[in-house]
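Source file data13.txt; content: compact mmCIF, C-alpha atoms.
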```
# COMPACT_ATOMS: atom_id res chain seq x y z
CA MET K 913 49.29 12.84 61.21
CA SER K 914 46.54 10.36 61.91
CA ARG K 915 42.94 10.84 60.80
CA THR K 916 39.96 9.60 62.73
CA HIS K 917 36.65 8.57 61.18
CA ASP K 918 33.32 7.71 62.75
CA TYR K 919 32.22 4.39 61.23
CA ARG K 920 29.28 3.87 63.56
CA GLY K 921 26.26 2.53 61.71
CA MET K 922 28.23 1.61 58.59
CA PHE K 923 28.70 -2.06 59.55
CA ASP K 924 26.34 -4.54 61.23
CA ALA K 925 27.19 -6.92 64.10
CA SER K 926 28.76 -9.51 61.76
CA GLY K 927 31.11 -6.96 60.26
CA THR K 928 29.18 -6.75 56.98
CA ARG K 929 28.64 -3.29 55.55
CA ALA K 930 25.12 -2.21 56.51
CA ALA K 931 22.77 -1.27 53.70
CA ARG K 932 21.86 2.41 53.73
CA ARG K 933 18.14 2.85 53.41
CA THR K 934 16.53 5.83 51.73
CA ARG K 935 13.15 6.66 53.15
CA VAL K 936 10.42 6.36 50.55
CA PRO K 937 7.58 8.84 51.17
CA GLU K 938 4.02 7.73 51.75
CA VAL K 939 1.57 9.48 49.41
CA PRO K 940 -2.19 9.47 50.07
CA ALA K 941 -3.90 7.83 47.09
CA GLU K 942 -6.55 10.48 46.65
CA PRO K 943 -8.79 10.29 43.56
CA GLY K 944 -7.07 11.95 40.61
CA LEU K 945 -3.52 11.42 41.88
CA VAL K 946 -1.35 10.36 38.92
CA VAL K 947 1.27 7.65 39.45
CA GLU K 948 3.19 5.16 37.33
CA ASP K 949 3.79 1.45 37.82
CA PRO K 950 7.51 1.16 36.93
CA VAL K 951 7.24 -2.55 36.13
CA THR K 952 4.62 -2.25 33.39
CA GLY K 953 5.00 1.45 32.56
CA PHE K 954 1.26 1.95 33.12
CA CYS K 955 0.58 5.58 34.09
CA GLY K 956 -2.81 6.64 35.37
CA ALA K 957 -4.91 8.45 37.92
CA VAL K 958 -6.20 6.86 41.09
CA VAL K 959 -9.85 5.85 40.72
CA SER K 960 -10.30 3.84 43.92
CA ILE K 961 -8.31 2.19 46.67
CA THR K 962 -8.96 -0.69 49.06
CA GLY K 963 -6.87 -2.10 51.86
CA SER K 964 -4.70 -4.08 49.46
CA GLU K 965 -5.23 -2.72 45.92
CA VAL K 966 -5.45 0.50 43.96
CA THR K 967 -7.24 1.03 40.63
CA LEU K 968 -5.63 3.38 38.09
CA GLU K 969 -7.15 4.83 34.93
CA ASP K 970 -4.98 5.99 32.03
CA ARG K 971 -5.70 8.87 29.67
CA PHE K 972 -7.53 6.53 27.26
CA GLY K 973 -9.96 5.36 29.94
CA GLY K 974 -8.26 2.00 30.44
CA ARG K 975 -8.17 0.72 34.01
CA ARG K 976 -5.79 -1.63 35.82
CA VAL K 977 -5.65 -2.89 39.40
CA PHE K 978 -2.32 -3.00 41.24
CA PRO K 979 -1.41 -4.39 44.66
CA LEU K 980 -0.36 -1.91 47.32
CA ARG K 981 3.27 -2.60 48.14
CA PRO K 982 5.97 -0.40 49.67
CA ALA K 983 7.74 1.81 47.11
CA ALA K 984 5.73 0.19 44.32
CA PHE K 985 4.90 3.33 42.32
CA LEU K 986 6.52 6.43 40.86
CA HIS K 987 4.99 9.76 41.84
CA GLU K 988 6.39 12.78 39.97
CA GLY K 989 9.31 10.58 38.92
CA ALA K 990 10.30 9.36 42.39
CA PRO K 991 9.47 6.12 44.25
CA ALA K 992 6.46 6.36 46.54
CA THR K 993 4.32 4.16 48.74
CA LEU K 994 0.60 4.68 48.20
CA VAL K 995 -1.54 4.72 51.32
CA ARG K 996 -5.23 5.17 51.96
CA PRO K 997 -6.07 8.88 52.34
CA ALA K 998 -7.30 10.12 55.68
CA PRO K 999 -11.10 10.30 55.86
CA ALA K 1000 -12.51 13.73 55.07
CA ALA K 1001 -14.18 15.69 57.80
CA ALA K 1002 -17.89 14.91 58.00
CA GLY K 1003 -19.89 16.95 55.54
CA ARG K 1004 -16.82 18.41 53.82
CA THR K 1005 -15.78 17.45 50.31
CA LEU K 1006 -13.31 19.24 48.11
CA SER K 1007 -13.70 20.61 44.61
CA ALA K 1008 -11.16 20.06 41.83
CA SER K 1009 -9.37 23.24 42.91
CA GLY K 1010 -8.97 21.99 46.49
CA SER K 1011 -11.58 24.38 47.92
CA VAL K 1012 -14.50 23.22 50.04
CA HIS K 1013 -17.28 22.01 47.76
CA VAL K 1014 -20.53 23.91 48.29
CA ALA K 1015 -23.42 21.42 48.27
CA ASN K 1016 -26.68 22.31 46.53
CA LEU K 1017 -25.00 25.30 44.99
CA LYS K 1018 -27.12 28.07 43.56
CA ALA K 1019 -24.79 29.91 41.21
CA ARG K 1020 -24.38 33.56 42.03
CA THR K 1021 -25.61 36.04 39.43
CA ALA K 1022 -22.58 36.94 37.32
CA ARG K 1023 -20.50 39.83 38.55
CA ALA K 1024 -19.60 42.69 36.24
CA ALA K 1025 -15.98 41.64 36.77
CA ARG K 1026 -14.40 39.26 34.27
CA ILE K 1027 -11.40 36.99 33.82
CA TRP K 1028 -9.96 36.93 30.32
CA VAL K 1029 -7.80 34.07 29.02
CA GLU K 1030 -5.98 33.75 25.72
CA GLY K 1031 -7.97 30.98 24.06
CA LEU K 1032 -10.56 28.23 24.29
CA HIS K 1033 -8.13 25.66 25.70
CA ASP K 1034 -7.17 28.06 28.50
CA ALA K 1035 -10.85 28.60 29.28
CA GLU K 1036 -11.57 24.85 29.28
CA LEU K 1037 -8.66 24.14 31.61
CA VAL K 1038 -9.68 26.88 34.06
CA GLU K 1039 -13.27 25.62 34.02
CA ARG K 1040 -12.17 22.04 34.59
CA VAL K 1041 -10.29 22.91 37.78
CA TRP K 1042 -11.92 26.10 39.07
CA GLY K 1043 -15.43 25.85 37.61
CA HIS K 1044 -17.10 25.25 40.97
CA ASP K 1045 -15.31 28.20 42.58
CA LEU K 1046 -16.21 30.48 39.68
CA ARG K 1047 -19.90 29.65 39.96
CA VAL K 1048 -19.82 30.19 43.73
CA GLU K 1049 -18.29 33.63 43.16
CA GLY K 1050 -20.25 34.54 40.03
CA VAL K 1051 -17.16 35.04 37.85
CA VAL K 1052 -17.30 34.61 34.08
CA VAL K 1053 -14.21 33.50 32.12
CA GLU K 1054 -13.98 34.73 28.53
CA PRO K 1055 -11.44 33.68 25.84
CA LEU K 1056 -9.68 36.52 24.01
CA HIS K 1057 -8.38 34.42 21.07
CA GLY K 1058 -4.98 36.05 21.50
CA VAL K 1059 -3.64 39.13 23.27
CA ASP K 1060 -2.88 41.32 20.27
CA ASP K 1061 -3.84 44.93 21.03
CA LEU K 1062 -4.73 44.10 24.62
CA GLY K 1063 -4.74 47.79 25.51
CA ALA K 1064 -7.64 48.50 23.15
CA ALA K 1065 -9.63 45.59 24.60
CA VAL K 1066 -9.10 46.92 28.13
CA ARG K 1067 -10.23 50.41 27.10
CA ALA K 1068 -13.39 48.94 25.58
CA PHE K 1069 -14.08 47.01 28.80
CA ASP K 1070 -13.62 50.22 30.85
CA PRO K 1071 -12.61 48.69 34.21
CA ALA K 1072 -13.88 50.24 37.43
CA PRO K 1073 -13.85 49.38 41.15
CA HIS K 1074 -17.06 47.35 40.76
CA ARG K 1075 -15.94 45.91 37.39
CA ARG K 1076 -12.46 44.53 37.85
CA LEU K 1077 -10.64 42.72 35.08
CA GLY K 1078 -8.20 39.84 35.48
CA ILE K 1079 -6.17 38.67 32.49
CA LEU K 1080 -4.32 35.34 32.27
CA VAL K 1081 -1.65 35.17 29.58
CA ASP K 1082 0.78 32.51 28.39
CA HIS K 1083 4.55 33.01 28.23
CA LEU K 1084 4.66 35.96 30.64
CA VAL K 1085 8.45 36.26 30.76
CA ASP K 1086 10.92 39.11 30.24
CA GLY K 1087 11.12 40.22 26.64
CA SER K 1088 8.08 38.32 25.38
CA LYS K 1089 5.29 39.81 23.30
CA GLU K 1090 2.86 38.97 26.09
CA THR K 1091 4.85 41.00 28.62
CA ARG K 1092 4.76 44.04 26.31
CA GLN K 1093 1.01 43.60 25.87
CA ALA K 1094 0.60 43.45 29.66
CA ARG K 1095 2.31 46.83 30.00
CA ASP K 1096 -0.08 48.25 27.40
CA ALA K 1097 -3.04 46.92 29.39
CA TYR K 1098 -1.94 48.79 32.50
CA ARG K 1099 -1.61 52.03 30.50
CA ALA K 1100 -4.95 51.64 28.74
CA THR K 1101 -7.12 53.70 31.12
CA PRO K 1102 -6.56 55.82 34.24
CA ARG K 1103 -8.23 53.09 36.33
CA ALA K 1104 -6.28 50.19 34.86
CA GLN K 1105 -3.50 50.39 37.45
CA HIS K 1106 -6.07 49.78 40.18
CA ASP K 1107 -8.74 47.62 38.56
CA VAL K 1108 -6.78 45.43 36.12
CA LEU K 1109 -4.46 42.56 37.00
CA VAL K 1110 -2.43 40.80 34.32
CA THR K 1111 -0.73 37.63 35.42
CA GLY K 1112 0.20 34.34 33.84
CA HIS K 1113 2.71 31.53 33.61
CA PRO K 1114 6.07 31.07 31.87
CA TYR K 1115 4.96 28.32 29.47
CA VAL K 1116 4.72 28.84 25.72
CA ASP K 1117 1.24 27.32 25.70
CA VAL K 1118 -1.28 26.42 28.39
CA TRP K 1119 -0.81 22.71 27.59
CA GLN K 1120 2.66 23.00 29.14
CA ALA K 1121 1.03 24.02 32.42
CA VAL K 1122 -0.20 20.41 32.68
CA LYS K 1123 2.36 18.12 34.31
CA PRO K 1124 3.87 15.80 31.67
CA SER K 1125 3.17 12.68 33.73
CA VAL K 1126 -0.54 13.49 33.64
CA VAL K 1127 -0.62 12.94 29.88
CA GLY K 1128 1.74 9.97 29.99
CA ILE K 1129 4.99 11.60 28.84
CA ARG K 1130 8.25 12.30 30.63
CA GLU K 1131 8.59 15.85 29.36
CA TRP K 1132 7.08 18.23 26.84
CA PRO K 1133 9.07 18.23 23.59
CA THR K 1134 11.04 21.28 22.51
CA ILE K 1135 9.53 22.82 19.39
CA PRO K 1136 11.66 25.04 17.12
CA ARG K 1137 10.73 28.71 16.90
CA GLY K 1138 8.60 29.46 13.90
CA THR K 1139 6.61 26.22 14.24
CA ASP K 1140 3.16 26.36 15.79
CA TRP K 1141 3.74 24.84 19.23
CA LYS K 1142 0.60 22.68 19.42
CA THR K 1143 1.10 21.41 15.87
CA GLY K 1144 4.72 20.58 16.60
CA VAL K 1145 3.89 18.77 19.84
CA CYS K 1146 1.20 16.66 18.19
CA ALA K 1147 3.57 15.73 15.37
CA ARG K 1148 6.38 14.73 17.76
CA LEU K 1149 4.07 12.69 20.03
CA GLY K 1150 1.89 11.17 17.31
CA TRP K 1151 -1.25 12.80 18.65
CA GLY K 1152 -2.80 13.74 15.33
CA GLU K 1153 -4.18 17.26 14.95
CA PRO K 1154 -4.17 19.93 17.71
CA ALA K 1155 -7.87 19.26 18.34
CA ASP K 1156 -6.97 15.63 19.11
CA GLY K 1157 -4.16 16.78 21.36
CA ALA K 1158 -6.47 19.14 23.22
CA ARG K 1159 -8.85 16.31 24.04
CA ARG K 1160 -5.95 14.30 25.45
CA VAL K 1161 -4.49 17.14 27.51
CA ILE K 1162 -7.62 18.81 28.87
CA GLY K 1163 -9.36 15.48 29.35
CA ALA K 1164 -6.50 14.16 31.50
CA VAL K 1165 -6.76 16.97 34.06
CA ARG K 1166 -8.83 16.08 37.10
CA SER K 1167 -7.68 18.53 39.76
CA TYR K 1168 -5.21 21.27 40.58
CA ARG K 1169 -2.64 18.58 41.42
CA ASP K 1170 -2.31 17.90 37.70
CA LEU K 1171 -1.11 21.46 37.02
CA GLU K 1172 2.24 23.15 37.48
CA THR K 1173 2.49 25.56 40.42
CA PRO K 1174 2.81 28.81 38.36
CA MET K 1175 -0.52 28.11 36.66
CA ILE K 1176 -2.28 27.40 39.95
CA GLY K 1177 -0.92 30.54 41.57
CA ALA K 1178 -1.83 32.75 38.61
CA VAL K 1179 -5.48 31.65 38.48
CA GLU K 1180 -5.92 31.85 42.25
CA ARG K 1181 -4.57 35.43 42.21
CA LEU K 1182 -6.99 36.44 39.48
CA ILE K 1183 -10.02 34.97 41.26
CA ASP K 1184 -9.05 36.74 44.49
CA PHE K 1185 -8.53 40.00 42.60
CA VAL K 1186 -11.80 40.14 40.68
CA THR K 1187 -13.90 39.01 43.65
CA ALA K 1188 -12.45 41.75 45.87
CA ALA K 1189 -14.65 44.26 44.04
CA ALA K 1190 -16.18 47.44 45.39
CA PRO K 1191 -17.44 47.32 49.00
CA GLY K 1192 -21.19 46.93 49.25
CA GLU K 1193 -21.59 44.95 46.04
CA PRO K 1194 -24.78 42.92 46.62
CA ASP K 1195 -24.57 39.15 47.09
CA ASP K 1196 -27.04 37.68 44.61
CA ARG K 1197 -27.03 34.21 46.14
CA ALA K 1198 -30.31 33.48 47.88
```
Just give me the structure of the file as structure tokens.
Amino acid sequence: MSRTHDYRGMFDASGTRAARRTRVPEVPAEPGLVVEDPVTGFCGAVVSITGSEVTLEDRFGGRRVFPLRPAAFLHEGAPATLVRPAPAAAGRTLSASGSVHVANLKARTARAARIWVEGLHDAELVERVWGHDLRVEGVVVEPLHGVDDLGAAVRAFDPAPHRRLGILVDHLVDGSKETRQARDAYRATPRAQHDVLVTGHPYVDVWQAVKPSVVGIREWPTIPRGTDWKTGVCARLGWGEPADGARRVIGAVRSYRDLETPMIGAVERLIDFVTAAAPGEPDDRA
């Protein structure tokens, strides 16, 4: 029995096998985009771009200029061609979270609603990306310094329709301590089911919510259970103490593009939840 094959396109006119080309995507070189030059290994964020060159800045503040060539960079581990971003619409600039930046902002008087996060690093990261949005909406972010006895903290806050509470927790996965604490938060008061939202991300620590390439590594190291995660990471990467590591990680984040999707989604949900407070709440922005 004979078999037929379609060889069209596999050979050129001279009979030589034709090279199969993989399309390399074009990525707009917007400020803050993190890419790597595979030749030198230099990894940094876009600072500026001209018609023929792009300037990158690494996490230590060092800058290098590279020519713009097809497929010359790695973006999220894959080859990419950097191109000039499309011009923004007149009068519209974006904040670090990707929302429209409000010029000449007068911060709204703080709402009674709150967003709680586990620690100072979580609060710093949220402020770095969503700070502008939070001031527009009048939302205060407060660190809890852990989620032990979260139910008692919720009862003390006494949530209500005009005083909603959003809680961002690390390692919100089945069977974790944080998941059990979240259940306690919802049982804390009769109103908690309506006026409290607990959400989070699957990472052991908020540092892991930052894309590894942003801090110049290929992946976050695996730390044995029983070892403080930040301490273990700093030891494996030679970053010194956790305070030194925090400056590297938080300082490297420039926009929401530097964060993993679960972190972005969790914070956006919380902001939407606490700002959808009781109808008729006065707008304190003049």
Counting all atoms listed in the file, which residues of segment 974-1092 of chain K sit at most 9 Å from some atom of segment 941-965 of chain K, and what is each one's closest atom pair with its distance in Å to one decimal, listed by chain and rising residue number, as CSV?
```
residue,atom,partner,partner_atom,distance
K:Gly974,CA,K:Gly956,CA,8.7
K:Arg975,CA,K:Gly956,CA,8.1
K:Arg976,CA,K:Phe954,CA,8.4
K:Val977,CA,K:Glu965,CA,6.5
K:Phe978,CA,K:Glu965,CA,5.5
K:Pro979,CA,K:Glu965,CA,4.4
K:Leu980,CA,K:Glu965,CA,5.1
K:Arg981,CA,K:Ser964,CA,8.2
K:Ala984,CA,K:Asp949,CA,6.9
K:Phe985,CA,K:Asp949,CA,5.0
K:Leu986,CA,K:Glu948,CA,5.0
K:His987,CA,K:Val947,CA,4.9
K:Glu988,CA,K:Val947,CA,7.3
K:Gly989,CA,K:Glu948,CA,8.3
K:Ala992,CA,K:Val947,CA,8.9
K:Leu994,CA,K:Ala941,CA,5.6
K:Val995,CA,K:Ala941,CA,5.8
K:Arg996,CA,K:Ala941,CA,5.7
K:Pro997,CA,K:Ala941,CA,5.8
```
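Between atom CA of Lys1123 of chain K and atom CA of Asp1045 of chain K the separation is 22.0 Å.
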Residues of segment 1089-1113 of chain K that have any atom at most 7 Å from an atom of segment 1168-1183 of chain K: could you tabulate them with the shortest-distance atom pair and the distance in Å to one decimal, using only C-alpha atoms, ordered by chain and increasing number, as a tab-separated table?
```
residue	atom	partner	partner_atom	distance
K:Thr1111	CA	K:Ala1178	CA	5.9
K:Gly1112	CA	K:Ala1178	CA	5.4
K:His1113	CA	K:Pro1174	CA	5.5
```
Open item on the list: Which residues are close to Ala1188 of chain K, i.e. within 9 Å by all atoms listed in the file, leaving aside same-chain residues fewer than 3 positions away? Reply as an MDAnalysis selection string.
Closed with: chainID K and resid 1074 1076 1183:1185 1191
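Between atom CA of Ala1147 of chain K and atom CA of Arg1166 of chain K the separation is 25.0 Å.
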Open item on the list: Restricting the calculation to all atoms listed in the file: of K:Glu969, K:Asp1117, K:Asp1096, K:Glu1049, which residue gets closest to Leu1037 of chain K?
Closed with: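 Checking each of K:Glu969, K:Asp1117, K:Asp1096, K:Glu1049 against Leu1037 of chain K, counting all atoms listed in the file, the winner is K:Asp1117.
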Open item on the list: Calculated over all atoms listed in the file, which of the candidates K:Pro1073, K:Gly1050, K:Pro1102, K:Gly1058 has the smallest distance to Lys1089 of chain K?
Closed with: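 Selected residue with least distance to Lys1089 of chain K: K:Gly1058.
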Task: Between atom CA of Leu1149 of chain K and atom CA of Gly1087 of chain K - distance in Å to one decimal - done: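 Going from atom CA of Gly1087 of chain K over to atom CA of Leu1149 of chain K, I get 29.2 Å.
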- [ ] Compile the contact shell of His1083 of chain K as a list of chain:residue names: residues with an atom at most 6 Å away, counting only C-alpha atoms, same-chain residues fewer than 3 positions apart removed.
- [x] K:His1113, K:Pro1114, K:Tyr1115, K:Val1116
Open item on the list: Ranking K:Gly1031, K:Leu1077, K:Arg1067, K:Val1051 by minimum distance to Arg1099 of chain K and counting all atoms listed in the file, which one comes first?
Closed with: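 Closest to Arg1099 of chain K of all the choices is K:Arg1067.
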Can you fill out segment 1041-1057 of chain K with N, CA and C atoms and hand it back as an mmCIF file, in the frame of the given file?
```cif
data_model
loop_
_atom_site.group_PDB
_atom_site.id
_atom_site.type_symbol
_atom_site.label_atom_id
_atom_site.label_comp_id
_atom_site.auth_asym_id
_atom_site.auth_seq_id
_atom_site.Cartn_x
_atom_site.Cartn_y
_atom_site.Cartn_z
ATOM 1 N N VAL K 1041 -10.831 22.910 36.417
ATOM 2 C CA VAL K 1041 -10.290 22.910 37.780
ATOM 3 C C VAL K 1041 -11.025 23.873 38.697
ATOM 4 N N TRP K 1042 -11.360 25.063 38.198
ATOM 5 C CA TRP K 1042 -11.920 26.100 39.070
ATOM 6 C C TRP K 1042 -13.398 26.395 38.791
ATOM 7 N N GLY K 1043 -14.039 25.561 37.987
ATOM 8 C CA GLY K 1043 -15.430 25.850 37.610
ATOM 9 C C GLY K 1043 -16.346 26.018 38.800
ATOM 10 N N HIS K 1044 -16.227 25.147 39.797
ATOM 11 C CA HIS K 1044 -17.100 25.250 40.970
ATOM 12 C C HIS K 1044 -16.879 26.573 41.697
ATOM 13 N N ASP K 1045 -15.626 26.945 41.896
ATOM 14 C CA ASP K 1045 -15.310 28.200 42.580
ATOM 15 C C ASP K 1045 -15.860 29.397 41.808
ATOM 16 N N LEU K 1046 -15.750 29.354 40.488
ATOM 17 C CA LEU K 1046 -16.210 30.480 39.680
ATOM 18 C C LEU K 1046 -17.716 30.648 39.775
ATOM 19 N N ARG K 1047 -18.445 29.539 39.832
ATOM 20 C CA ARG K 1047 -19.900 29.650 39.960
ATOM 21 C C ARG K 1047 -20.305 30.130 41.355
ATOM 22 N N VAL K 1048 -19.546 29.694 42.371
ATOM 23 C CA VAL K 1048 -19.820 30.190 43.730
ATOM 24 C C VAL K 1048 -19.651 31.709 43.767
ATOM 25 N N GLU K 1049 -18.607 32.206 43.105
ATOM 26 C CA GLU K 1049 -18.290 33.630 43.160
ATOM 27 C C GLU K 1049 -18.963 34.450 42.058
ATOM 28 N N GLY K 1050 -19.591 33.797 41.097
ATOM 29 C CA GLY K 1050 -20.250 34.540 40.030
ATOM 30 C C GLY K 1050 -19.279 35.198 39.069
ATOM 31 N N VAL K 1051 -18.183 34.486 38.738
ATOM 32 C CA VAL K 1051 -17.160 35.040 37.850
ATOM 33 C C VAL K 1051 -17.230 34.343 36.497
ATOM 34 N N VAL K 1052 -17.255 35.131 35.434
ATOM 35 C CA VAL K 1052 -17.300 34.610 34.080
ATOM 36 C C VAL K 1052 -15.898 34.665 33.475
ATOM 37 N N VAL K 1053 -15.489 33.567 32.817
ATOM 38 C CA VAL K 1053 -14.210 33.500 32.120
ATOM 39 C C VAL K 1053 -14.463 33.596 30.625
ATOM 40 N N GLU K 1054 -13.773 34.510 29.962
ATOM 41 C CA GLU K 1054 -13.980 34.730 28.530
ATOM 42 C C GLU K 1054 -12.665 34.565 27.769
ATOM 43 N N PRO K 1055 -12.651 33.796 26.661
ATOM 44 C CA PRO K 1055 -11.440 33.680 25.840
ATOM 45 C C PRO K 1055 -11.255 34.898 24.949
ATOM 46 N N LEU K 1056 -10.004 35.353 24.832
ATOM 47 C CA LEU K 1056 -9.680 36.520 24.010
ATOM 48 C C LEU K 1056 -9.319 36.140 22.582
ATOM 49 N N HIS K 1057 -8.909 34.870 22.365
ATOM 50 C CA HIS K 1057 -8.380 34.420 21.070
ATOM 51 C C HIS K 1057 -7.128 35.209 20.700
#
```
